[in-house]
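*Asks:* Take a look at start-v3.cif, mmCIF, C-alpha atoms and all ligand atoms:
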```cif
data_work
loop_
_atom_site.label_atom_id
_atom_site.label_comp_id
_atom_site.auth_asym_id
_atom_site.auth_seq_id
_atom_site.Cartn_x
_atom_site.Cartn_y
_atom_site.Cartn_z
CA MET A 1 -70.08 -236.52 16.66
CA LYS A 2 -73.13 -238.08 15.02
CA SER A 3 -76.50 -236.54 15.61
CA THR A 4 -80.11 -237.37 14.89
CA ILE A 5 -82.87 -234.79 14.83
CA VAL A 6 -86.48 -235.50 15.77
CA ILE A 7 -89.03 -232.90 14.70
CA GLY A 8 -92.78 -232.55 14.25
CA LEU A 9 -94.09 -232.07 10.72
CA GLN A 10 -97.52 -230.63 11.49
CA TRP A 11 -98.74 -228.15 14.11
CA GLY A 12 -97.25 -229.95 17.11
CA ASP A 13 -98.52 -232.82 19.24
CA GLU A 14 -97.44 -235.41 16.66
CA GLY A 15 -96.06 -237.78 19.30
CA LYS A 16 -92.39 -236.75 19.36
CA GLY A 17 -92.04 -237.73 23.03
CA LYS A 18 -92.57 -241.40 22.33
CA ILE A 19 -90.08 -241.52 19.43
CA VAL A 20 -87.47 -239.57 21.40
CA ASP A 21 -87.99 -241.97 24.31
CA TYR A 22 -87.41 -244.94 21.96
CA LEU A 23 -84.29 -243.41 20.36
CA SER A 24 -82.89 -242.48 23.77
CA LYS A 25 -82.11 -246.17 24.26
CA THR A 26 -79.30 -245.73 21.74
CA HIS A 27 -78.42 -242.04 22.20
CA LYS A 28 -76.78 -241.07 25.45
CA ILE A 29 -77.17 -237.31 25.08
CA ILE A 30 -80.53 -235.70 24.35
CA ILE A 31 -80.85 -231.97 23.82
CA ARG A 32 -84.14 -230.07 23.79
CA CYS A 33 -83.53 -227.27 21.35
CA ALA A 34 -86.21 -224.59 21.48
CA GLY A 35 -89.47 -223.41 22.99
CA GLY A 36 -90.43 -223.69 26.62
CA ASN A 37 -93.29 -225.07 28.61
CA ASN A 38 -95.69 -224.39 25.75
CA ALA A 39 -94.68 -227.93 24.72
CA GLY A 40 -96.14 -231.05 26.27
CA HIS A 41 -94.46 -234.31 25.38
CA THR A 42 -96.44 -237.32 26.54
CA ILE A 43 -95.00 -240.79 27.06
CA LYS A 44 -97.01 -243.73 28.36
CA ILE A 45 -95.18 -246.55 30.10
CA ARG A 46 -97.30 -249.50 31.19
CA ASN A 47 -100.37 -247.23 31.06
CA LYS A 48 -98.73 -244.64 33.32
CA LYS A 49 -98.67 -241.21 31.68
CA TYR A 50 -95.65 -238.88 31.87
CA VAL A 51 -96.05 -235.34 30.54
CA LEU A 52 -92.84 -233.39 30.09
CA SER A 53 -92.87 -229.73 29.20
CA LEU A 54 -89.27 -228.52 29.64
CA LEU A 55 -87.25 -231.66 30.24
CA PRO A 56 -86.12 -233.67 27.21
CA SER A 57 -88.13 -236.86 26.67
CA GLY A 58 -84.94 -238.94 27.03
CA ILE A 59 -85.20 -238.49 30.79
CA LEU A 60 -87.22 -241.70 31.14
CA GLN A 61 -84.45 -243.93 29.77
CA LYS A 62 -81.58 -245.06 31.96
CA ASN A 63 -78.16 -243.39 31.86
CA THR A 64 -79.06 -240.50 29.60
CA VAL A 65 -77.74 -236.96 29.82
CA CYS A 66 -80.60 -234.54 29.17
CA ILE A 67 -79.75 -230.99 28.21
CA LEU A 68 -82.01 -227.95 28.06
CA GLY A 69 -80.46 -226.17 25.09
CA ALA A 70 -79.51 -222.57 24.37
CA GLY A 71 -82.53 -222.01 22.13
CA MET A 72 -84.99 -222.59 24.95
CA VAL A 73 -86.85 -220.11 27.14
CA ILE A 74 -86.99 -221.66 30.60
CA ASP A 75 -89.61 -220.75 33.15
CA TYR A 76 -87.50 -221.50 36.23
CA ARG A 77 -90.55 -222.01 38.45
CA VAL A 78 -91.95 -224.63 36.06
CA PHE A 79 -88.53 -226.25 35.80
CA HIS A 80 -88.39 -226.59 39.59
CA GLU A 81 -91.85 -228.23 39.73
CA GLU A 82 -91.11 -230.56 36.82
CA TYR A 83 -87.76 -231.54 38.28
CA LEU A 84 -89.29 -232.38 41.67
CA GLU A 85 -92.03 -234.39 39.99
CA ILE A 86 -89.69 -236.39 37.73
CA SER A 87 -87.26 -237.03 40.59
CA LYS A 88 -90.03 -238.92 42.39
CA LYS A 89 -90.48 -241.19 39.37
CA VAL A 90 -87.00 -241.56 37.90
CA LYS A 91 -84.27 -242.75 40.27
CA SER A 92 -81.23 -241.03 38.84
CA THR A 93 -81.24 -238.17 36.37
CA ASP A 94 -78.43 -236.29 34.71
CA ILE A 95 -79.85 -232.93 33.66
CA LYS A 96 -77.89 -230.00 32.32
CA ILE A 97 -79.02 -226.50 31.43
CA SER A 98 -77.23 -224.44 28.80
CA HIS A 99 -75.74 -221.26 30.26
CA LEU A 100 -77.00 -219.48 27.13
CA ALA A 101 -80.66 -220.45 27.53
CA HIS A 102 -83.04 -217.58 28.29
CA LEU A 103 -85.06 -217.35 31.47
CA LEU A 104 -88.78 -216.90 31.18
CA MET A 105 -89.85 -214.46 33.89
CA PRO A 106 -93.16 -214.12 35.72
CA TYR A 107 -93.62 -210.76 33.97
CA HIS A 108 -93.55 -212.48 30.55
CA ILE A 109 -96.70 -214.38 31.52
CA GLU A 110 -98.33 -211.23 32.87
CA ILE A 111 -97.44 -209.28 29.73
CA GLU A 112 -98.98 -211.97 27.54
CA SER A 113 -102.16 -211.96 29.62
CA LYS A 114 -102.54 -208.20 28.99
CA LYS A 115 -102.34 -208.55 25.21
CA ALA A 116 -105.18 -209.60 22.91
CA ASN A 117 -104.69 -213.31 22.22
CA ILE A 118 -105.49 -213.33 18.50
CA ILE A 119 -103.11 -216.23 17.84
CA GLY A 120 -104.54 -218.43 20.58
CA THR A 121 -101.24 -218.95 22.37
CA THR A 122 -100.66 -221.28 25.31
CA LYS A 123 -100.41 -218.18 27.58
CA LYS A 124 -97.14 -219.38 29.07
CA GLY A 125 -95.27 -216.15 28.28
CA ILE A 126 -93.33 -217.68 25.39
CA GLY A 127 -93.84 -214.79 22.93
CA PRO A 128 -92.76 -212.02 25.35
CA ALA A 129 -89.71 -214.08 26.46
CA TYR A 130 -88.55 -214.41 22.85
CA GLU A 131 -89.39 -210.74 22.26
CA ASP A 132 -86.91 -209.82 25.01
CA LYS A 133 -84.35 -212.22 23.56
CA ILE A 134 -84.54 -210.71 20.08
CA ALA A 135 -84.56 -207.16 21.49
CA ARG A 136 -81.30 -208.14 23.23
CA ARG A 137 -82.55 -207.39 26.68
CA GLY A 138 -83.28 -211.02 27.67
CA VAL A 139 -81.96 -212.56 30.87
CA ARG A 140 -79.93 -215.72 30.38
CA VAL A 141 -78.88 -218.49 32.72
CA CYS A 142 -75.30 -217.13 32.71
CA ASP A 143 -76.62 -213.81 34.07
CA LEU A 144 -77.36 -215.54 37.36
CA PHE A 145 -73.64 -215.56 38.13
CA ASP A 146 -73.49 -211.77 38.48
CA PHE A 147 -76.15 -210.56 40.90
CA LYS A 148 -75.49 -206.84 40.41
CA SER A 149 -75.91 -206.89 36.66
CA LEU A 150 -78.82 -209.34 36.97
CA LYS A 151 -80.65 -206.85 39.16
CA GLU A 152 -79.93 -204.04 36.69
CA LYS A 153 -81.20 -206.08 33.76
CA ILE A 154 -84.40 -207.13 35.48
CA THR A 155 -85.04 -203.60 36.75
CA SER A 156 -84.64 -202.11 33.30
CA ASN A 157 -86.87 -204.83 31.77
CA VAL A 158 -89.63 -204.39 34.31
CA MET A 159 -89.48 -200.62 33.82
CA TYR A 160 -89.64 -201.06 30.07
CA TRP A 161 -92.68 -203.37 30.27
CA ASN A 162 -94.42 -201.39 32.99
CA PHE A 163 -96.66 -199.64 30.47
CA LEU A 164 -98.42 -203.04 30.38
CA LEU A 165 -97.57 -204.44 33.79
CA GLN A 166 -98.73 -201.30 35.61
CA LYS A 167 -96.83 -202.22 38.78
CA GLU A 168 -97.05 -199.56 41.45
CA ASN A 169 -94.37 -200.95 43.71
CA ILE A 170 -91.73 -201.96 41.19
CA GLU A 171 -88.99 -202.50 43.77
CA THR A 172 -90.89 -205.07 45.79
CA TYR A 173 -91.87 -206.86 42.60
CA ILE A 174 -88.27 -207.00 41.39
CA ASP A 175 -87.01 -208.11 44.78
CA SER A 176 -89.38 -211.05 44.87
CA ILE A 177 -88.23 -212.14 41.38
CA LEU A 178 -84.58 -211.84 42.42
CA GLU A 179 -85.22 -213.84 45.56
CA ASP A 180 -86.79 -216.68 43.56
CA LEU A 181 -83.97 -216.54 41.02
CA MET A 182 -81.37 -216.87 43.74
CA VAL A 183 -83.12 -219.97 45.07
CA PHE A 184 -83.16 -221.38 41.54
CA TYR A 185 -79.46 -220.58 41.19
CA GLU A 186 -78.56 -222.22 44.49
CA ASN A 187 -80.60 -225.34 43.74
CA TYR A 188 -79.51 -225.89 40.17
CA GLU A 189 -76.15 -224.20 39.64
CA LYS A 190 -74.48 -227.59 39.33
CA MET A 191 -76.60 -228.26 36.23
CA PHE A 192 -75.51 -225.13 34.35
CA VAL A 193 -73.17 -225.98 31.52
CA ASN A 194 -71.41 -224.55 28.52
CA THR A 195 -72.94 -227.05 26.07
CA ASN A 196 -70.37 -226.59 23.32
CA HIS A 197 -67.51 -227.13 25.71
CA TYR A 198 -69.26 -230.11 27.30
CA LEU A 199 -69.91 -231.77 23.92
CA SER A 200 -66.31 -231.28 22.85
CA THR A 201 -65.00 -233.06 25.92
CA ILE A 202 -67.18 -236.15 26.28
CA LYS A 203 -67.56 -239.59 24.72
CA PRO A 204 -69.68 -241.22 23.25
CA LYS A 205 -70.84 -238.65 20.78
CA LYS A 206 -74.22 -239.84 19.61
CA VAL A 207 -76.52 -236.92 20.19
CA LEU A 208 -80.28 -236.71 19.81
CA LEU A 209 -81.80 -233.31 19.12
CA GLU A 210 -85.38 -233.03 20.28
CA GLY A 211 -87.49 -230.43 18.51
CA ALA A 212 -90.60 -228.95 20.05
CA GLN A 213 -93.92 -227.89 18.51
CA GLY A 214 -94.23 -228.60 14.77
CA SER A 215 -92.76 -227.30 11.53
CA LEU A 216 -95.96 -225.48 10.57
CA LEU A 217 -95.61 -223.43 13.79
CA ASP A 218 -92.10 -222.28 12.82
CA ILE A 219 -91.65 -218.51 13.14
CA ASP A 220 -90.17 -218.27 9.61
CA TYR A 221 -91.66 -221.17 7.66
CA GLY A 222 -94.93 -221.81 9.47
CA THR A 223 -98.38 -220.34 8.99
CA TYR A 224 -97.29 -216.86 10.11
CA PRO A 225 -98.47 -215.00 12.15
CA TYR A 226 -100.28 -217.99 13.70
CA VAL A 227 -97.06 -219.59 14.82
CA THR A 228 -94.88 -219.89 17.90
CA SER A 229 -91.90 -217.60 18.48
CA SER A 230 -89.05 -220.02 17.83
CA ASN A 231 -87.59 -222.06 14.98
CA THR A 232 -89.18 -225.47 15.19
CA THR A 233 -87.43 -226.92 12.14
CA ALA A 234 -84.36 -229.17 11.86
CA ALA A 235 -82.12 -226.14 11.27
CA GLY A 236 -83.59 -224.62 14.44
CA CYS A 237 -82.55 -227.76 16.31
CA CYS A 238 -78.90 -227.27 15.35
CA GLN A 239 -79.09 -223.60 16.21
CA GLY A 240 -80.82 -224.21 19.53
CA SER A 241 -78.49 -226.99 20.63
CA GLY A 242 -75.14 -225.73 19.37
CA VAL A 243 -74.58 -229.02 17.58
CA PRO A 244 -72.92 -228.51 14.16
CA ILE A 245 -75.08 -229.08 11.08
CA THR A 246 -72.39 -231.30 9.56
CA SER A 247 -72.84 -233.83 12.38
CA VAL A 248 -76.47 -234.52 11.44
CA LYS A 249 -76.90 -238.00 9.95
CA ASN A 250 -80.65 -238.47 10.29
CA ILE A 251 -83.65 -236.17 10.39
CA ILE A 252 -86.73 -237.99 11.61
CA GLY A 253 -90.03 -236.26 10.90
CA ILE A 254 -93.06 -237.26 12.95
CA PHE A 255 -96.65 -236.87 11.80
CA LYS A 256 -100.06 -238.08 12.83
CA ALA A 257 -102.20 -240.21 10.52
CA TYR A 258 -104.56 -237.22 10.57
CA THR A 259 -103.93 -233.59 11.49
CA THR A 260 -104.54 -231.51 14.60
CA ARG A 261 -104.01 -227.92 15.53
CA VAL A 262 -104.55 -225.90 18.69
CA GLY A 263 -104.87 -222.17 18.53
CA ASN A 264 -106.05 -220.09 15.61
CA GLY A 265 -104.92 -219.85 12.01
CA ASN A 266 -105.29 -221.53 8.66
CA PHE A 267 -106.15 -225.24 8.69
CA THR A 268 -106.99 -226.33 5.15
CA THR A 269 -108.13 -229.90 5.88
CA GLU A 270 -110.06 -229.12 9.06
CA ILE A 271 -113.10 -231.36 9.57
CA ASN A 272 -116.13 -229.30 10.46
CA ASP A 273 -118.65 -232.04 11.16
CA ASP A 274 -119.21 -234.68 13.89
CA VAL A 275 -116.32 -236.82 12.66
CA SER A 276 -113.94 -234.35 14.31
CA SER A 277 -115.46 -235.05 17.76
CA VAL A 278 -115.21 -238.80 17.16
CA ILE A 279 -111.49 -238.53 16.36
CA ARG A 280 -110.91 -236.04 19.20
CA GLU A 281 -112.41 -238.37 21.79
CA GLU A 282 -110.80 -241.52 20.41
CA GLY A 283 -107.39 -239.86 20.11
CA GLY A 284 -107.59 -237.89 23.39
CA GLU A 285 -107.00 -234.76 21.35
CA TYR A 286 -106.87 -232.21 24.15
CA GLY A 287 -103.79 -230.06 24.80
CA SER A 288 -101.50 -231.86 27.27
CA ILE A 289 -100.50 -228.53 28.84
CA THR A 290 -103.57 -226.34 28.38
CA GLY A 291 -106.33 -228.97 28.12
CA ARG A 292 -107.77 -227.14 25.09
CA PRO A 293 -109.69 -229.29 22.58
CA ARG A 294 -107.56 -229.66 19.48
CA ARG A 295 -108.97 -228.86 16.05
CA ILE A 296 -109.07 -231.99 13.87
CA GLY A 297 -108.48 -232.52 10.14
CA TRP A 298 -107.65 -235.13 7.52
CA LEU A 299 -104.06 -235.83 6.57
CA ASP A 300 -102.84 -232.96 4.38
CA LEU A 301 -100.20 -234.39 2.04
CA PRO A 302 -99.16 -231.14 0.30
CA ALA A 303 -98.51 -229.60 3.75
CA LEU A 304 -96.65 -232.72 4.87
CA LYS A 305 -94.51 -232.68 1.74
CA TYR A 306 -93.69 -229.02 2.33
CA ALA A 307 -92.60 -229.77 5.90
CA ILE A 308 -90.46 -232.69 4.71
CA GLN A 309 -88.78 -230.47 2.13
CA ILE A 310 -87.96 -227.53 4.40
CA ASN A 311 -86.47 -229.88 6.99
CA GLY A 312 -84.69 -232.31 4.66
CA VAL A 313 -86.35 -235.23 6.45
CA THR A 314 -84.67 -238.59 5.87
CA GLU A 315 -87.11 -240.90 7.70
CA LEU A 316 -90.72 -240.65 8.79
CA ALA A 317 -92.62 -241.77 11.84
CA ILE A 318 -96.40 -242.05 11.58
CA THR A 319 -98.42 -242.03 14.80
CA LYS A 320 -102.02 -242.61 15.82
CA LEU A 321 -103.05 -244.81 12.89
CA ASP A 322 -104.88 -246.85 15.55
CA VAL A 323 -107.15 -243.87 16.32
CA LEU A 324 -108.59 -243.97 12.79
CA SER A 325 -109.84 -247.53 13.44
CA CYS A 326 -112.93 -245.87 14.88
CA LEU A 327 -113.99 -244.59 11.44
CA GLU A 328 -115.79 -246.24 8.54
CA ASP A 329 -114.67 -243.57 6.08
CA ILE A 330 -111.17 -242.10 5.93
CA TYR A 331 -110.08 -239.32 3.59
CA ILE A 332 -106.73 -237.94 2.53
CA CYS A 333 -105.91 -234.66 0.77
CA LYS A 334 -103.44 -234.80 -2.11
CA GLU A 335 -104.11 -231.41 -3.70
CA TYR A 336 -105.91 -228.12 -3.26
CA ASN A 337 -108.34 -226.57 -5.72
CA GLU A 338 -106.33 -224.15 -7.87
CA PHE A 339 -108.94 -221.37 -7.61
CA ASP A 340 -110.08 -221.35 -4.00
CA ASN A 341 -107.37 -223.46 -2.33
CA LYS A 342 -110.00 -225.78 -0.85
CA PRO A 343 -108.76 -229.35 -0.24
CA ILE A 344 -109.61 -232.09 -2.73
CA TYR A 345 -110.09 -235.37 -0.88
CA GLU A 346 -109.67 -239.00 -1.87
CA LYS A 347 -111.38 -241.74 0.11
CA VAL A 348 -109.02 -244.50 1.21
CA ASP A 349 -109.77 -248.08 2.28
CA SER A 350 -110.50 -247.99 5.99
CA TRP A 351 -109.36 -250.32 8.79
CA ASN A 352 -112.51 -249.88 10.84
CA GLY A 353 -112.61 -251.97 14.03
CA CYS A 354 -108.99 -253.07 13.77
CA ASP A 355 -107.52 -253.56 17.28
CA PHE A 356 -103.95 -252.71 16.31
CA LYS A 357 -102.23 -255.36 18.39
CA PHE A 358 -99.59 -255.75 15.68
CA LYS A 359 -95.96 -256.38 16.45
CA ASN A 360 -94.46 -256.01 13.00
CA TYR A 361 -95.12 -254.48 9.61
CA LYS A 362 -96.13 -257.75 7.92
CA GLU A 363 -99.09 -258.19 10.29
CA LEU A 364 -100.66 -254.82 9.37
CA PRO A 365 -103.90 -254.96 7.34
CA ASP A 366 -103.53 -254.21 3.62
CA SER A 367 -105.57 -251.02 4.00
CA VAL A 368 -103.06 -249.64 6.52
CA LYS A 369 -100.13 -250.70 4.34
CA ASN A 370 -101.78 -248.97 1.36
CA TYR A 371 -102.30 -245.79 3.37
CA ILE A 372 -98.61 -245.74 4.32
CA LYS A 373 -97.57 -246.55 0.74
CA GLN A 374 -99.64 -243.69 -0.68
CA ILE A 375 -97.98 -241.30 1.75
CA GLU A 376 -94.48 -242.56 0.97
CA GLU A 377 -95.06 -242.30 -2.77
CA TYR A 378 -96.45 -238.78 -2.48
CA VAL A 379 -93.79 -237.32 -0.18
CA LYS A 380 -90.92 -239.50 -1.44
CA CYS A 381 -89.63 -240.39 1.99
CA PRO A 382 -89.75 -243.77 3.78
CA VAL A 383 -91.80 -244.50 6.88
CA LYS A 384 -89.49 -246.11 9.43
CA TYR A 385 -91.60 -245.98 12.60
CA ILE A 386 -95.28 -246.81 13.02
CA GLY A 387 -97.02 -245.96 16.29
CA THR A 388 -99.71 -248.52 17.12
CA GLY A 389 -100.89 -247.15 20.46
CA PRO A 390 -99.98 -244.73 23.23
CA ASN A 391 -97.70 -247.04 25.23
CA ARG A 392 -93.92 -247.05 24.93
CA ASN A 393 -93.83 -250.58 23.47
CA GLU A 394 -96.59 -249.92 20.91
CA LEU A 395 -94.22 -249.08 18.10
CA ILE A 396 -93.26 -250.94 14.94
CA VAL A 397 -89.79 -250.24 13.60
CA VAL A 398 -89.90 -251.03 9.90
CA LYS A 399 -86.91 -252.90 8.57
CA ASN A 400 -85.24 -251.71 5.40
CA LYS A 401 -87.42 -251.76 2.30
CA GLU A 402 -90.21 -253.61 4.14
CA THR A 403 -92.82 -251.06 3.10
CA LYS A 404 -91.93 -251.16 -0.56
P1 LIG A 501 -97.15 -219.93 22.01
O1 LIG A 501 -96.07 -220.89 21.61
O2 LIG A 501 -97.70 -220.20 23.38
O3 LIG A 501 -96.74 -218.52 21.80
O4 LIG A 501 -98.39 -220.19 21.02
C1 LIG A 501 -98.31 -219.91 19.62
C2 LIG A 501 -99.09 -220.97 18.83
O5 LIG A 501 -98.40 -222.19 18.89
C3 LIG A 501 -100.50 -221.24 19.37
O6 LIG A 501 -101.34 -221.55 18.27
C4 LIG A 501 -100.30 -222.48 20.23
O7 LIG A 501 -101.48 -223.22 20.37
C5 LIG A 501 -99.26 -223.22 19.40
N1 LIG A 501 -98.42 -224.12 20.20
C6 LIG A 501 -97.38 -223.80 20.98
N2 LIG A 501 -96.85 -224.91 21.52
C7 LIG A 501 -97.54 -225.94 21.06
C8 LIG A 501 -97.43 -227.37 21.23
O8 LIG A 501 -96.56 -227.89 21.91
N3 LIG A 501 -98.35 -228.10 20.56
C9 LIG A 501 -99.29 -227.57 19.76
N4 LIG A 501 -99.43 -226.26 19.56
C10 LIG A 501 -98.55 -225.45 20.21
#
```
Would you give me this structure, written as structure tokens?

*Replies:*
Amino acid sequence: MKSTIVIGLQWGDEGKGKIVDYLSKTHKIIIRCAGGNNAGHTIKIRNKKYVLSLLPSGILQKNTVCILGAGMVIDYRVFHEEYLEISKKVKSTDIKISHLAHLLMPYHIEIESKKANIIGTTKKGIGPAYEDKIARRGVRVCDLFDFKSLKEKITSNVMYWNFLLQKENIETYIDSILEDLMVFYENYEKMFVNTNHYLSTIKPKKVLLEGAQGSLLDIDYGTYPYVTSSNTTAAGCCQGSGVPITSVKNIIGIFKAYTTRVGNGNFTTEINDDVSSVIREEGGEYGSITGRPRRIGWLDLPALKYAIQINGVTELAITKLDVLSCLEDIYICKEYNEFDNKPIYEKVDSWNGCDFKFKNYKELPDSVKNYIKQIEEYVKCPVKYIGTGPNRNELIVVKNKETK
């Protein structure tokens, strides 16, 4: 088996969906490894926008097998809606759900809504679902096969959380959850799969592992505690998919030409003047799932280098360079002040007004090439993919050594 990992190198929303969509032309099996419907992967095909939150972004290519991996927390009601929606748009789909994936319950969302949201989460119940998983009381897809023990598990979980839920009629509440779960089971049982067994029996064996969120939101290596509850790194992709580490041949790290973040927490290169609104509007920087305005900053090279190192990235994809065409002045951060950790910026040559209708690397303006070169030299990793716009076909694949 040969596998390729696609991960985000910032705080999410780097444009992974588009790169996964492109790579799904040559990878038959695509596995989403972690997270849940806190993610929103957007792909634009002929100006039509597809937003996927649980389904792998390979679903839009023909003849792919898309697996929701063991590391995910799946809100079964959201899955049902997303499946119905995608079935209207995509003629035939082959979707599988790992029997080890955890189910995100309605009470996880309620629990989250009762807690103070200091982190600025997406409020989709992701944290409480992973809390149950780590506390070893989570409900997994495989639990749906045994109704009696499923009922016991859910009853004990609801009773445990009732100090927050404050349900008066627990039984009715549990019964309604069980009823919905049984409908989910009946509708989708044919999709449930033992991923490891499945992968060991099929050919061809080119597998694409789709990460969610970004490396700086990783529970261990991100800007803790302002992070998500899963491992968003390359290692997390292996863990969450069940694909062996030794099969990984490529780790593709995606980053934007600038930086964005939603939710609270440290953001060293955040822009605090009007330029942030200009970039936000030009780049459509609003959460694809929550609609929240994203915080905007300049490209932070020390943070990018850190993300590349912890993931062992082998190739880079830069997205949204076209958005910066709206600016006369562009800055990049290469170091922080040693005393107060404030960013030190360098001004780069801009590509103001450039329409970005380029088809290959050679056509790019020198200022764009220089920007890419500075990044490559700093982080010591080659840029292989250059996003030139939101549409599927607006992507330059750089041939070997072309950027040198
Ligand atoms: P949670 O994942 O909903 O628990 O949110 C934890 C943090 O991760 C918050 O700052 C969210 O805004 C952020 N987050 C979670 N998913 C995404 C994503 O897909 N893109 C960007 N930020 C995300």

*Asks:* Using all atoms listed in the file, which residue out of A:Gly120, A:Gly17, A:Gly127, A:Gly242 lies closest to Pro56 in chain A?

*Replies:*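 Smallest distance to Pro56 in chain A is found for A:Gly17.
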
*Asks:* Neighbours of ligand LIG 501 (chain A) at 7 Å or closer, counting all atoms listed in the file: which residues, as a list in words?

*Replies:*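 Listing the residues within 7 Å of ligand LIG 501 (chain A) gives Trp11, Gly12, Asp13, Asn38, Ala39, Gly40, Ile119, Gly120, Thr121, Thr122, Lys123, Lys124, Gly125, Ile126, Gly127, Ala212, Gln213, Leu217, Tyr226, Val227, Thr228, Ser229, Arg261, Val262, Gly263 and Asn264 of chain A.
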
*Asks:* Could you tell me which of A:Lys190, A:His197, A:Lys347, A:Arg392 comes closest to Tyr50 in chain A if we count only C-alpha atoms?

*Replies:*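 Closest to Tyr50 in chain A, using only C-alpha atoms: A:Arg392.
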
*Asks:* Within 9 Å of range 136-159 of chain A, which residues of range 86-125 of chain A come that close, and what is the closest atom pair and distance in Å for each? Count all atoms listed in the file and give it as JSON lines.

*Replies:*
```
{"residue": "A:Ile97", "atom": "CA", "partner": "A:Val141", "partner_atom": "CA", "distance": 8.1}
{"residue": "A:Ser98", "atom": "CA", "partner": "A:Val141", "partner_atom": "CA", "distance": 7.3}
{"residue": "A:His99", "atom": "CA", "partner": "A:Cys142", "partner_atom": "CA", "distance": 4.8}
{"residue": "A:Leu100", "atom": "CA", "partner": "A:Arg140", "partner_atom": "CA", "distance": 5.8}
{"residue": "A:Ala101", "atom": "CA", "partner": "A:Arg140", "partner_atom": "CA", "distance": 5.6}
{"residue": "A:His102", "atom": "CA", "partner": "A:Arg140", "partner_atom": "CA", "distance": 4.2}
{"residue": "A:Leu103", "atom": "CA", "partner": "A:Arg140", "partner_atom": "CA", "distance": 5.5}
{"residue": "A:Leu104", "atom": "CA", "partner": "A:Val139", "partner_atom": "CA", "distance": 8.1}
{"residue": "A:Met105", "atom": "CA", "partner": "A:Val139", "partner_atom": "CA", "distance": 8.7}
{"residue": "A:Tyr107", "atom": "CA", "partner": "A:Val158", "partner_atom": "CA", "distance": 7.5}
```

*Asks:* Here is a test: counting all atoms listed in the file, which residue of A:Phe356, A:Val275, A:Glu281, A:His80 is nearest to Tyr331 in chain A?

*Replies:*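 Checking each of A:Phe356, A:Val275, A:Glu281, A:His80 against Tyr331 in chain A, counting all atoms listed in the file, the winner is A:Val275.
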
*Asks:* Just checking: using only C-alpha atoms, which residue out of A:Asp180, A:Glu171, A:Asp349, A:Asp300 ends up closest to Asp75 in chain A?

*Replies:*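 Closest residue, counting only C-alpha atoms: A:Asp180.
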
*Asks:* Between A:Arg295, A:Lys96, A:Val348, A:Ala307, single out the one closest to Asn266 in chain A, counting all atoms listed in the file.

*Replies:*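 Nearest to Asn266 in chain A: A:Arg295.
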
*Asks:* Got a sec: who's within 12 Å of Thr4 in chain A, counting all atoms listed in the file, leaving out chain neighbours fewer than 6 positions off, as a PyMOL selection string?

*Replies:* chain A and resi 19-20+23-24+26-31+205-211+234-235+237-238+241+243-253+313-315

*Asks:* Would you mind telling me which residue in A:Phe267, A:Tyr221, A:Phe163, A:Tyr198 lies nearest to Asn341 in chain A when using only C-alpha atoms?

*Replies:*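 With only C-alpha atoms as the atom set, the closest residue is A:Phe267.
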
*Asks:* If we draw a sphere of 10 Å around (-102.8, -232.0, 16.1), which residues have at least one atom in it when counting all atoms listed in the file? Please report them as a ChimeraX atom specification.

*Replies:* /A:10-15,214,255-262,280,283,285-287,293-297

*Asks:* For CA of Ile375 in chain A and CA of Leu324 in chain A, quote the distance in Å rounded to one decimal.

*Replies:* 15.5 Å

*Asks:* Excluding Lys16 in chain A and its own-chain neighbours fewer than 5 positions away, which residues fall within 7 Å of it when counting only C-alpha atoms? Please give them as a ChimeraX atom specification.

*Replies:* /A:7-8,41,254

*Asks:* CA of Ile344 in chain A and CA of Ile330 in chain A are how many Å apart?

*Replies:*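 Separation of CA of Ile344 in chain A and CA of Ile330 in chain A: 13.3 Å.
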
*Asks:* Grab the CA of Gly71 in chain A to CA of Pro106 in chain A distance for me, in Å with one decimal place.

*Replies:*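 Taking CA of Gly71 in chain A as the start and CA of Pro106 in chain A as the end point, the length is 19.0 Å.
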